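K.L.:
The structure file coords33.cif (mmCIF, C-alpha atoms) is provided below.
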```cif
data_start
loop_
_atom_site.label_atom_id
_atom_site.label_comp_id
_atom_site.auth_asym_id
_atom_site.auth_seq_id
_atom_site.Cartn_x
_atom_site.Cartn_y
_atom_site.Cartn_z
CA MET A 150 134.73 246.47 120.55
CA PHE A 151 133.48 246.25 117.00
CA ARG A 152 137.09 245.97 115.75
CA LYS A 153 137.66 242.98 118.04
CA PHE A 154 134.49 241.32 116.78
CA LEU A 155 135.51 241.96 113.19
CA CYS A 156 138.98 240.51 113.78
CA ILE A 157 137.69 237.37 115.43
CA SER A 158 134.99 236.73 112.84
CA THR A 159 137.45 237.22 109.98
CA LEU A 160 139.93 234.83 111.55
CA LEU A 161 137.21 232.25 112.13
CA SER A 162 135.95 232.51 108.56
CA VAL A 163 139.42 232.25 107.06
CA PHE A 164 140.22 229.28 109.25
CA LEU A 165 137.06 227.39 108.32
CA LEU A 166 137.34 228.33 104.63
CA THR A 167 140.90 227.22 104.03
CA LEU A 168 140.83 224.12 106.13
CA SER A 169 137.45 222.94 104.85
CA THR A 170 138.22 223.18 101.17
CA ALA A 171 141.72 221.75 101.51
CA THR A 172 140.50 218.83 103.55
CA PHE A 173 137.71 217.86 101.19
CA ALA A 174 139.66 218.45 97.99
CA SER A 175 140.11 214.72 97.50
CA SER A 176 136.67 214.14 96.01
CA GLU A 177 138.15 214.10 92.49
CA GLU A 178 138.96 210.44 92.98
CA GLY A 179 135.22 209.72 93.34
CA GLY A 180 134.83 209.68 89.59
CA GLU A 181 131.20 209.25 88.58
CA ASN A 182 130.31 208.57 92.18
CA LYS A 183 131.06 212.05 93.40
CA THR A 184 129.24 211.52 96.69
CA GLY A 185 131.44 208.66 97.87
CA PHE A 186 133.62 211.08 99.78
CA ILE A 187 130.73 211.99 102.09
CA MET A 188 130.51 208.48 103.51
CA HIS A 189 134.28 208.25 103.59
CA HIS A 190 134.44 211.28 105.87
CA ILE A 191 131.63 210.15 108.15
CA LYS A 192 132.74 206.58 108.67
CA ASP A 193 135.35 205.13 110.93
CA SER A 194 138.53 203.94 109.26
CA HIS A 195 141.90 202.39 110.01
CA GLU A 196 143.88 205.40 108.84
CA TRP A 197 143.42 209.09 109.55
CA HIS A 198 143.23 210.96 106.24
CA PHE A 199 143.82 214.69 106.70
CA ALA A 200 144.07 216.15 103.23
CA THR A 201 145.11 215.46 99.68
CA VAL A 202 147.51 217.98 98.20
CA GLY A 203 147.82 217.32 94.47
CA HIS A 204 148.40 213.58 94.30
CA SER A 205 149.91 213.00 97.72
CA HIS A 206 147.64 211.92 100.51
CA ILE A 207 148.45 213.21 103.96
CA THR A 208 147.34 210.31 106.08
CA LEU A 209 148.29 208.98 109.45
CA PRO A 210 148.28 205.17 109.47
CA LEU A 211 146.78 203.88 112.68
CA PRO A 212 147.75 200.71 114.55
CA VAL A 213 145.78 197.53 114.02
CA ILE A 214 145.63 195.39 117.14
CA ILE A 215 144.18 191.91 116.89
CA TYR A 216 143.79 189.42 119.72
CA SER A 217 143.24 185.77 118.89
CA ALA A 218 143.28 182.78 121.21
CA ASP A 219 146.20 180.98 119.57
CA ARG A 220 148.40 183.89 118.50
CA GLY A 221 147.73 186.26 121.36
CA LEU A 222 147.99 190.01 120.90
CA GLU A 223 149.34 191.13 117.53
CA PHE A 224 150.28 194.69 116.59
CA TYR A 225 150.35 195.83 112.98
CA SER A 226 150.30 199.16 111.21
CA SER A 227 147.42 199.66 108.83
CA THR A 228 149.92 200.19 106.01
CA ASP A 229 150.72 196.45 106.25
CA PHE A 230 147.27 195.78 104.85
CA GLN A 231 147.65 198.23 102.00
CA ASP A 232 149.03 197.71 98.54
CA HIS A 233 152.28 199.68 98.44
CA GLU A 234 151.65 201.60 95.22
CA THR A 235 147.92 202.20 95.12
CA HIS A 236 147.34 202.39 98.89
CA GLN A 237 144.13 200.42 98.54
CA PHE A 238 143.15 198.07 101.29
CA GLY A 239 142.59 194.37 100.65
CA VAL A 240 146.10 192.97 100.85
CA ASP A 241 146.45 189.80 102.92
CA HIS A 242 148.92 190.09 105.71
CA ASN A 243 149.55 187.27 108.14
CA GLY A 244 146.14 185.78 107.55
CA TYR A 245 144.08 188.97 107.89
CA TYR A 246 142.82 191.54 105.41
CA ILE A 247 140.71 194.68 105.50
CA ASN A 248 137.70 194.55 103.20
CA GLU A 249 136.09 197.49 101.40
CA HIS A 250 133.88 198.28 104.40
CA ASP A 251 137.01 198.87 106.50
CA LYS A 252 136.43 195.76 108.59
CA ILE A 253 139.12 193.26 109.43
CA HIS A 254 138.48 189.73 108.23
CA ALA A 255 140.51 186.56 108.58
CA VAL A 256 141.43 184.79 105.36
CA ASP A 257 140.51 181.54 107.07
CA GLU A 258 136.79 182.07 107.71
CA SER A 259 136.64 179.92 110.81
CA ARG A 260 139.26 181.91 112.68
CA SER A 261 137.86 183.87 115.60
CA PHE A 262 139.61 186.99 116.78
CA VAL A 263 138.91 190.20 118.62
CA ASP A 264 139.59 193.46 116.83
CA LEU A 265 141.08 195.94 119.30
CA SER A 266 142.50 198.37 116.75
CA ILE A 267 143.02 202.04 117.35
CA THR A 268 140.78 203.29 114.57
CA LYS A 269 140.12 206.94 113.74
CA ASN A 270 137.27 207.24 116.22
CA VAL A 271 139.23 205.54 119.01
CA ALA A 272 142.12 207.95 118.42
CA MET A 273 139.63 210.84 118.53
CA LEU A 274 138.20 209.48 121.77
CA ILE A 275 141.68 209.46 123.30
CA ILE A 276 142.24 213.05 122.17
CA VAL A 277 138.91 214.14 123.69
CA PHE A 278 139.88 212.33 126.88
CA PHE A 279 143.12 214.27 127.14
CA VAL A 280 141.40 217.58 126.39
CA ILE A 281 138.83 217.03 129.14
CA LEU A 282 141.53 215.79 131.52
CA TRP A 283 143.59 218.93 130.92
CA LEU A 284 140.53 221.17 131.36
CA MET A 285 139.47 219.60 134.63
CA LEU A 286 142.94 219.24 136.13
CA SER A 287 143.77 222.89 135.36
CA ALA A 288 140.54 224.00 136.99
CA ALA A 289 141.19 221.81 140.04
CA ARG A 290 144.72 223.15 140.37
CA ASN A 291 143.40 226.70 140.28
CA TYR A 292 140.93 225.92 143.05
CA LYS A 293 143.62 224.25 145.14
CA ASN A 294 146.13 227.09 144.83
CA ASN A 295 143.58 229.82 145.34
CA PRO A 296 141.05 228.46 147.81
CA ASN A 297 139.34 231.65 148.91
CA GLY A 298 139.56 233.84 145.86
CA ALA A 299 137.58 234.09 142.66
CA PRO A 300 138.44 231.39 140.12
CA LYS A 301 140.84 232.48 137.40
CA GLY A 302 141.65 231.09 134.00
CA VAL A 303 140.23 227.72 132.99
CA ALA A 304 138.38 227.39 136.29
CA SER A 305 136.38 230.53 135.58
CA PHE A 306 135.34 228.98 132.26
CA ILE A 307 134.34 225.65 133.75
CA GLU A 308 132.59 226.95 136.86
CA PRO A 309 129.46 228.51 135.27
CA ILE A 310 128.95 225.39 133.17
CA VAL A 311 129.28 223.06 136.16
CA LEU A 312 126.92 225.25 138.18
CA PHE A 313 124.48 225.27 135.28
CA VAL A 314 124.44 221.47 135.03
CA ARG A 315 124.09 221.13 138.79
CA ASP A 316 121.47 223.81 139.41
CA ASP A 317 119.39 223.73 136.24
CA VAL A 318 119.66 220.13 135.10
CA ALA A 319 120.47 217.89 138.06
CA LYS A 320 118.73 219.51 141.03
CA PRO A 321 115.30 220.23 139.53
CA ASN A 322 115.03 216.85 137.81
CA ILE A 323 116.53 214.49 140.37
CA GLY A 324 115.46 216.17 143.58
CA PRO A 325 117.11 215.67 146.96
CA LYS A 326 119.48 212.90 145.83
CA TYR A 327 121.10 214.94 143.09
CA LYS A 328 124.60 214.89 144.57
CA LYS A 329 125.06 211.21 143.83
CA PHE A 330 124.38 211.63 140.13
CA THR A 331 125.87 215.04 139.36
CA PRO A 332 129.36 213.66 138.57
CA TYR A 333 127.88 211.28 135.99
CA LEU A 334 125.79 214.04 134.41
CA LEU A 335 128.75 216.39 134.29
CA THR A 336 130.89 213.71 132.68
CA ILE A 337 128.49 212.98 129.88
CA PHE A 338 127.78 216.67 129.33
CA PHE A 339 131.44 217.56 128.92
CA PHE A 340 132.24 214.44 126.91
CA ILE A 341 129.43 214.99 124.41
CA TRP A 342 130.03 218.73 124.21
CA ILE A 343 133.79 218.55 123.66
CA GLY A 344 133.37 215.53 121.36
CA ASN A 345 130.84 217.39 119.22
CA LEU A 346 132.90 220.57 119.08
CA LEU A 347 136.15 218.83 118.24
CA GLY A 348 134.36 216.79 115.57
CA LEU A 349 133.49 220.00 113.75
CA VAL A 350 137.14 220.95 113.24
CA PRO A 351 137.99 220.15 109.60
CA GLY A 352 140.12 217.05 109.48
CA ALA A 353 138.89 215.65 112.77
CA ALA A 354 137.05 212.40 113.20
CA ASN A 355 133.30 212.20 113.65
CA LEU A 356 133.27 210.84 117.20
CA THR A 357 129.73 211.37 118.52
CA GLY A 358 128.37 210.67 115.06
CA ASN A 359 129.38 207.05 115.47
CA ILE A 360 126.39 205.04 116.62
CA ALA A 361 128.56 202.73 118.71
CA VAL A 362 129.76 205.67 120.82
CA THR A 363 126.27 207.05 121.36
CA MET A 364 125.02 203.54 122.09
CA THR A 365 127.62 203.22 124.83
CA LEU A 366 126.55 206.53 126.38
CA ALA A 367 122.90 205.47 126.22
CA VAL A 368 123.78 202.13 127.87
CA PHE A 369 125.50 204.04 130.68
CA THR A 370 122.34 206.06 131.25
CA PHE A 371 120.28 202.86 131.12
CA ILE A 372 122.48 201.24 133.76
CA ALA A 373 122.49 204.38 135.95
CA THR A 374 118.70 204.58 135.78
CA ASN A 375 117.85 200.97 136.38
CA LEU A 376 120.44 200.16 139.04
CA ASN A 377 119.11 203.03 141.12
CA GLY A 378 115.43 202.39 140.62
CA ASN A 379 113.56 202.21 143.85
CA LYS A 380 110.51 200.16 144.67
CA ASP A 381 108.08 202.81 143.41
CA TYR A 382 109.80 202.83 140.03
CA TRP A 383 109.76 199.07 139.53
CA LYS A 384 106.21 198.85 140.78
CA HIS A 385 105.26 201.42 138.18
CA VAL A 386 106.87 199.41 135.42
CA LEU A 387 105.97 195.85 136.39
CA ALA A 388 102.67 196.24 138.24
CA THR A 389 101.28 199.65 137.42
CA PRO A 390 99.04 200.67 140.31
CA GLY A 391 95.47 201.68 139.64
CA VAL A 392 95.13 199.62 136.45
CA PRO A 393 92.51 196.82 136.14
CA VAL A 394 94.13 193.39 135.83
CA PRO A 395 93.10 192.59 132.20
CA LEU A 396 94.75 195.80 131.00
CA LEU A 397 97.95 194.93 132.86
CA PHE A 398 98.72 192.30 130.21
CA ILE A 399 99.01 195.10 127.68
CA ILE A 400 100.47 197.79 129.86
CA VAL A 401 103.32 195.85 131.45
CA PRO A 402 104.93 194.78 128.12
CA VAL A 403 104.56 198.34 126.88
CA GLU A 404 106.24 199.66 130.02
CA ILE A 405 109.06 197.13 129.66
CA ILE A 406 109.59 198.14 126.05
CA GLY A 407 109.48 201.74 127.26
CA LEU A 408 112.46 200.94 129.50
CA PHE A 409 114.47 200.31 126.34
CA THR A 410 113.06 202.89 123.98
CA LYS A 411 114.16 205.77 126.20
CA PRO A 412 117.91 205.09 125.94
CA PHE A 413 117.39 204.08 122.31
CA ALA A 414 115.93 207.51 121.57
CA LEU A 415 118.87 209.13 123.36
CA MET A 416 121.29 207.15 121.21
CA VAL A 417 119.61 207.88 117.89
CA ARG A 418 118.98 211.55 118.66
CA LEU A 419 122.62 212.37 119.29
CA PHE A 420 123.90 210.21 116.43
CA VAL A 421 121.49 211.65 113.88
CA ALA A 422 121.91 215.28 114.88
CA ILE A 423 125.67 215.22 114.60
CA THR A 424 125.91 212.99 111.52
CA ALA A 425 123.29 214.95 109.62
CA GLY A 426 125.14 218.16 110.39
CA HIS A 427 128.37 216.73 109.02
CA ILE A 428 126.59 215.39 105.93
CA VAL A 429 125.06 218.80 105.18
CA ILE A 430 128.45 220.52 105.43
CA LEU A 431 130.09 217.87 103.26
CA SER A 432 127.29 218.04 100.68
CA PHE A 433 127.72 221.77 100.26
CA ILE A 434 131.41 221.32 99.66
CA GLY A 435 130.69 218.45 97.29
CA LEU A 436 128.47 220.79 95.29
CA ILE A 437 131.57 222.79 94.39
CA PHE A 438 133.10 219.74 92.77
CA VAL A 439 129.89 218.72 91.04
CA PHE A 440 129.35 222.11 89.40
CA GLU A 441 133.04 223.00 89.04
CA SER A 442 132.38 226.74 88.90
CA TYR A 443 133.80 229.65 90.87
CA ALA A 444 130.44 231.24 91.63
CA VAL A 445 129.19 228.05 93.20
CA GLY A 446 132.48 227.87 95.09
CA VAL A 447 131.96 231.27 96.70
CA ALA A 448 128.29 230.68 97.51
CA SER A 449 128.97 227.19 98.85
CA THR A 450 131.76 228.35 101.09
CA LEU A 451 129.58 231.05 102.62
CA MET A 452 126.86 228.48 103.24
CA VAL A 453 129.43 226.14 104.80
CA ILE A 454 130.57 228.84 107.22
CA PHE A 455 126.97 229.59 108.14
CA ILE A 456 126.12 225.96 108.71
CA ASN A 457 129.30 225.37 110.69
CA LEU A 458 128.20 228.11 113.08
CA ILE A 459 124.76 226.53 113.39
CA GLU A 460 126.45 223.22 114.10
CA LEU A 461 128.31 224.82 116.99
CA LEU A 462 124.92 225.66 118.47
CA VAL A 463 123.59 222.18 117.73
CA ALA A 464 126.65 220.64 119.42
CA THR A 465 125.87 222.45 122.65
CA ILE A 466 122.13 221.86 122.47
CA GLN A 467 122.50 218.12 121.85
CA ALA A 468 124.88 217.79 124.80
CA TYR A 469 122.39 219.68 126.97
CA VAL A 470 119.43 217.60 125.75
CA PHE A 471 121.22 214.29 126.37
CA THR A 472 122.17 215.36 129.88
CA LEU A 473 118.69 216.75 130.58
CA PHE A 474 116.93 213.57 129.51
CA SER A 475 119.38 211.41 131.46
CA ALA A 476 118.66 213.54 134.53
CA MET A 477 114.92 213.20 133.95
CA TYR A 478 115.10 209.42 133.65
CA ILE A 479 117.28 209.14 136.76
CA GLY A 480 114.89 211.46 138.56
CA GLN A 481 111.95 209.23 137.64
CA ALA A 482 113.84 206.22 138.95
CA VAL A 483 114.76 207.65 142.33
CA SER A 484 111.75 209.84 143.01
CA GLU A 485 110.36 209.30 146.48
CA HIS A 486 106.96 210.89 146.38
CA SER A 487 103.99 208.59 146.02
CA HIS A 488 101.14 209.76 143.88
CA GLU A 489 97.64 208.39 143.92
CA HIS A 490 96.34 207.55 140.49
CA MET B 161 113.80 192.89 82.25
CA LEU B 162 116.52 195.52 82.07
CA THR B 163 113.96 198.33 81.83
CA SER B 164 112.05 197.01 84.82
CA LEU B 165 115.31 196.87 86.77
CA LEU B 166 116.18 200.43 85.80
CA LEU B 167 112.63 201.47 86.63
CA SER B 168 112.82 200.14 90.18
CA ALA B 169 116.18 201.80 90.75
CA GLY B 170 114.63 205.01 89.48
CA PHE B 171 111.64 204.62 91.77
CA ALA B 172 113.86 204.02 94.78
CA LEU B 173 115.82 207.19 94.17
CA MET B 174 112.66 209.15 93.43
CA GLY B 175 111.20 207.91 96.69
CA ALA B 176 114.29 209.03 98.55
CA GLY B 177 114.11 212.49 97.03
CA ILE B 178 110.40 212.99 97.61
CA GLY B 179 110.74 211.64 101.13
CA ALA B 180 113.44 214.15 101.98
CA GLY B 181 111.25 216.94 100.60
CA ILE B 182 108.25 215.94 102.67
CA VAL B 183 110.44 215.71 105.73
CA ALA B 184 111.53 219.30 105.17
CA VAL B 185 107.87 220.36 105.08
CA GLY B 186 107.21 218.57 108.36
CA ALA B 187 110.20 220.13 110.11
CA GLY B 188 109.34 223.56 108.74
CA LEU B 189 105.74 223.34 109.98
CA GLY B 190 106.75 222.15 113.43
CA ILE B 191 109.57 224.58 114.05
CA GLY B 192 107.65 227.45 112.44
CA ARG B 193 104.81 226.88 114.86
CA ILE B 194 107.21 226.89 117.80
CA GLY B 195 108.75 230.13 116.55
CA GLY B 196 105.35 231.73 116.06
CA GLN B 197 104.12 230.86 119.54
CA ALA B 198 107.42 232.02 121.00
CA MET B 199 107.05 235.38 119.26
CA GLU B 200 103.54 235.70 120.63
CA GLY B 201 104.72 234.89 124.12
CA ILE B 202 107.53 237.44 123.94
CA ALA B 203 105.12 240.06 122.56
CA ARG B 204 102.76 239.50 125.47
CA GLN B 205 105.45 239.61 128.14
CA PRO B 206 108.79 241.05 127.04
CA GLU B 207 110.44 240.39 130.45
CA ALA B 208 110.17 236.65 129.85
CA ALA B 209 111.96 236.91 126.51
CA GLY B 210 115.16 235.21 127.73
CA LYS B 211 113.41 232.15 129.13
CA ILE B 212 111.12 231.81 126.14
CA GLN B 213 114.02 232.05 123.74
CA THR B 214 116.01 229.35 125.55
CA ALA B 215 113.04 226.99 125.64
CA MET B 216 112.32 227.67 121.97
CA LEU B 217 115.87 226.77 120.88
CA ILE B 218 115.86 223.52 122.82
CA ILE B 219 112.52 222.34 121.50
CA ALA B 220 113.46 223.35 117.96
CA ALA B 221 116.54 221.13 118.26
CA LEU B 222 114.38 218.20 119.35
CA ILE B 223 111.95 218.59 116.44
CA GLU B 224 114.78 219.03 113.98
CA VAL B 225 116.29 215.72 115.10
CA VAL B 226 113.02 213.92 114.26
CA SER B 227 113.23 215.27 110.74
CA LEU B 228 116.85 214.15 110.58
CA PHE B 229 115.78 210.55 111.35
CA ALA B 230 113.89 210.57 108.07
CA VAL B 231 116.72 212.32 106.20
CA VAL B 232 119.09 209.55 107.26
CA VAL B 233 116.69 206.94 105.85
CA CYS B 234 116.51 208.81 102.54
CA LEU B 235 120.29 209.12 102.43
CA LEU B 236 120.68 205.39 103.05
CA ILE B 237 118.52 204.77 100.00
CA ALA B 238 120.16 207.38 97.81
CA LEU B 239 123.79 206.57 98.63
CA ASN B 240 123.33 202.80 98.46
CA GLU B 241 126.10 201.48 96.24
CA ASN B 242 123.96 198.54 95.07
CA ILE B 243 121.76 200.88 93.03
CA THR B 244 123.31 201.24 89.62
CA PHE B 245 122.12 202.71 86.37
#
```
Here is the file; what I need is its structure written in the form of structure tokens.

P.N.:
Amino acid sequence: MFRKFLCISTLLSVFLLTLSTATFASSEEGGENKTGFIMHHIKDSHEWHFATVGHSHITLPLPVIIYSADRGLEFYSSTDFQDHETHQFGVDHNGYYINEHDKIHAVDESRSFVDLSITKNVAMLIIVFFVILWLMLSAARNYKNNPNGAPKGVASFIEPIVLFVRDDVAKPNIGPKYKKFTPYLLTIFFFIWIGNLLGLVPGAANLTGNIAVTMTLAVFTFIATNLNGNKDYWKHVLATPGVPVPLLFIIVPVEIIGLFTKPFALMVRLFVAITAGHIVILSFIGLIFVFESYAVGVASTLMVIFINLIELLVATIQAYVFTLFSAMYIGQAVSEHSHEH
Amino acid sequence: MLTSLLLSAGFALMGAGIGAGIVAVGAGLGIGRIGGQAMEGIARQPEAAGKIQTAMLIIAALIEVVSLFAVVVCLLIALNENITF
């Protein structure tokens, strides 16, 4: 038992150690600005940079897809926008170029276009999608082939989690109508959890640390809450019962703003927790290159392993907290009981 | 004029650093209090240790995120490429 634990922890440490330091070894090109690589690893980009071995960059160029009214849908590779020797962005190609903030601009300023590129985060989203699809389809197949027995394999991994979300998050917070909302809660729980976990793998993209992704999830919760609000809920927001009329002029705007601050807090909480975790890990590895000493290398790597393990915990907790708060807001919107103030 | 420019860049970075330090104090106070009360609760009633521990971890994550809001602001100041020396 102890031998198995020792084996697994050694493998995990070796895996994190080697992949982390190899992936972040490209900070030498920062020059005086040694912290530039932190932002480079957090941000979205049009190519997927895995590692730099010596002077060769192992990158995966991602497609750039632009839709404009007159030219229609255009497909490029991001290498078309790069200078061929230095691999810096900024080269004009067919009227478009990628500026230093990794955004696509048209050379002709008045040109309007829609950027539909597969950037690093979009590619990561597709990978997370396939992982969740495989998980759920395997579990469903196990239940179909084995209807009366105990679940085996992937299904036995998924089942306690699904039961946990249903019995400890959905049912107590939503009440009798929990069945309608459990699929949504399960979807966001698994999406955020798997997205967080996969984002911690060295070389992966920072999916849930992108504020656009968390904003979309918060908008989904906002729509789910407000489309299902019953009369009690809207009365509470727009004409709070038991409040004297002069105070209503203050309370109703505050309640309406409260409608928006709740999803906003959801969005910022998830974004900040994951991004800050990544920044801490990257800063510790950057310390090695700032000090350029072996002792700091050893100490930093141990800290990085420790913080990576904490981030695993944070990944799960943030998924749980997002789902819990979504369930609470939906529960407030559909709650039937009338209370006297 | 150059010294006043350098001075304001210096002040901005100093503000970022001091801000991050104060944020750490705030997070430490909050989460330390949660931990202390959780220990007390477990000492009073050891059977409830599992539930108390779960609740403690979740609330610690929430408080930590508030401190991370402020850390992100400090990082935005410190890593701003428009500040040059």

K.L.:
To one decimal place in Å, what is the distance between atom CA of Thr410 of chain A and atom CA of Gly391 of chain A?

P.N.:
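A separation of 23.6 Å between them.
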
K.L.:
The PyMOL selection byres ((chain A) within 12 of (chain B)) - which residues does that actually catch in the file I just gave you? List them as a ChimeraX atom specification.

P.N.:
/A:181-189,249-250,414-429,432,459-460,462-471,473-474

K.L.:
What gap, in Å, lies between atom CA of His236 of chain A and atom CA of Val350 of chain A?

P.N.:
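Atom-to-atom, atom CA of His236 of chain A and atom CA of Val350 of chain A are spaced 25.6 Å apart.
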
K.L.:
So, counting all atoms listed in the file, which residue among B:Ile202, B:Ile237, B:Ala208, B:Ala187 is closest to Ile223 of chain B?

P.N.:
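Between B:Ile202, B:Ile237, B:Ala208, B:Ala187, the residue approaching Ile223 of chain B most closely is B:Ala187.
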
K.L.:
Quick one: apply the PyMOL selection byres ((chain A and resi 195-207) around 6) to the file and drop the selected residues here as a ChimeraX atom specification.

P.N.:
/A:172,175,194,208-211,268-269,352
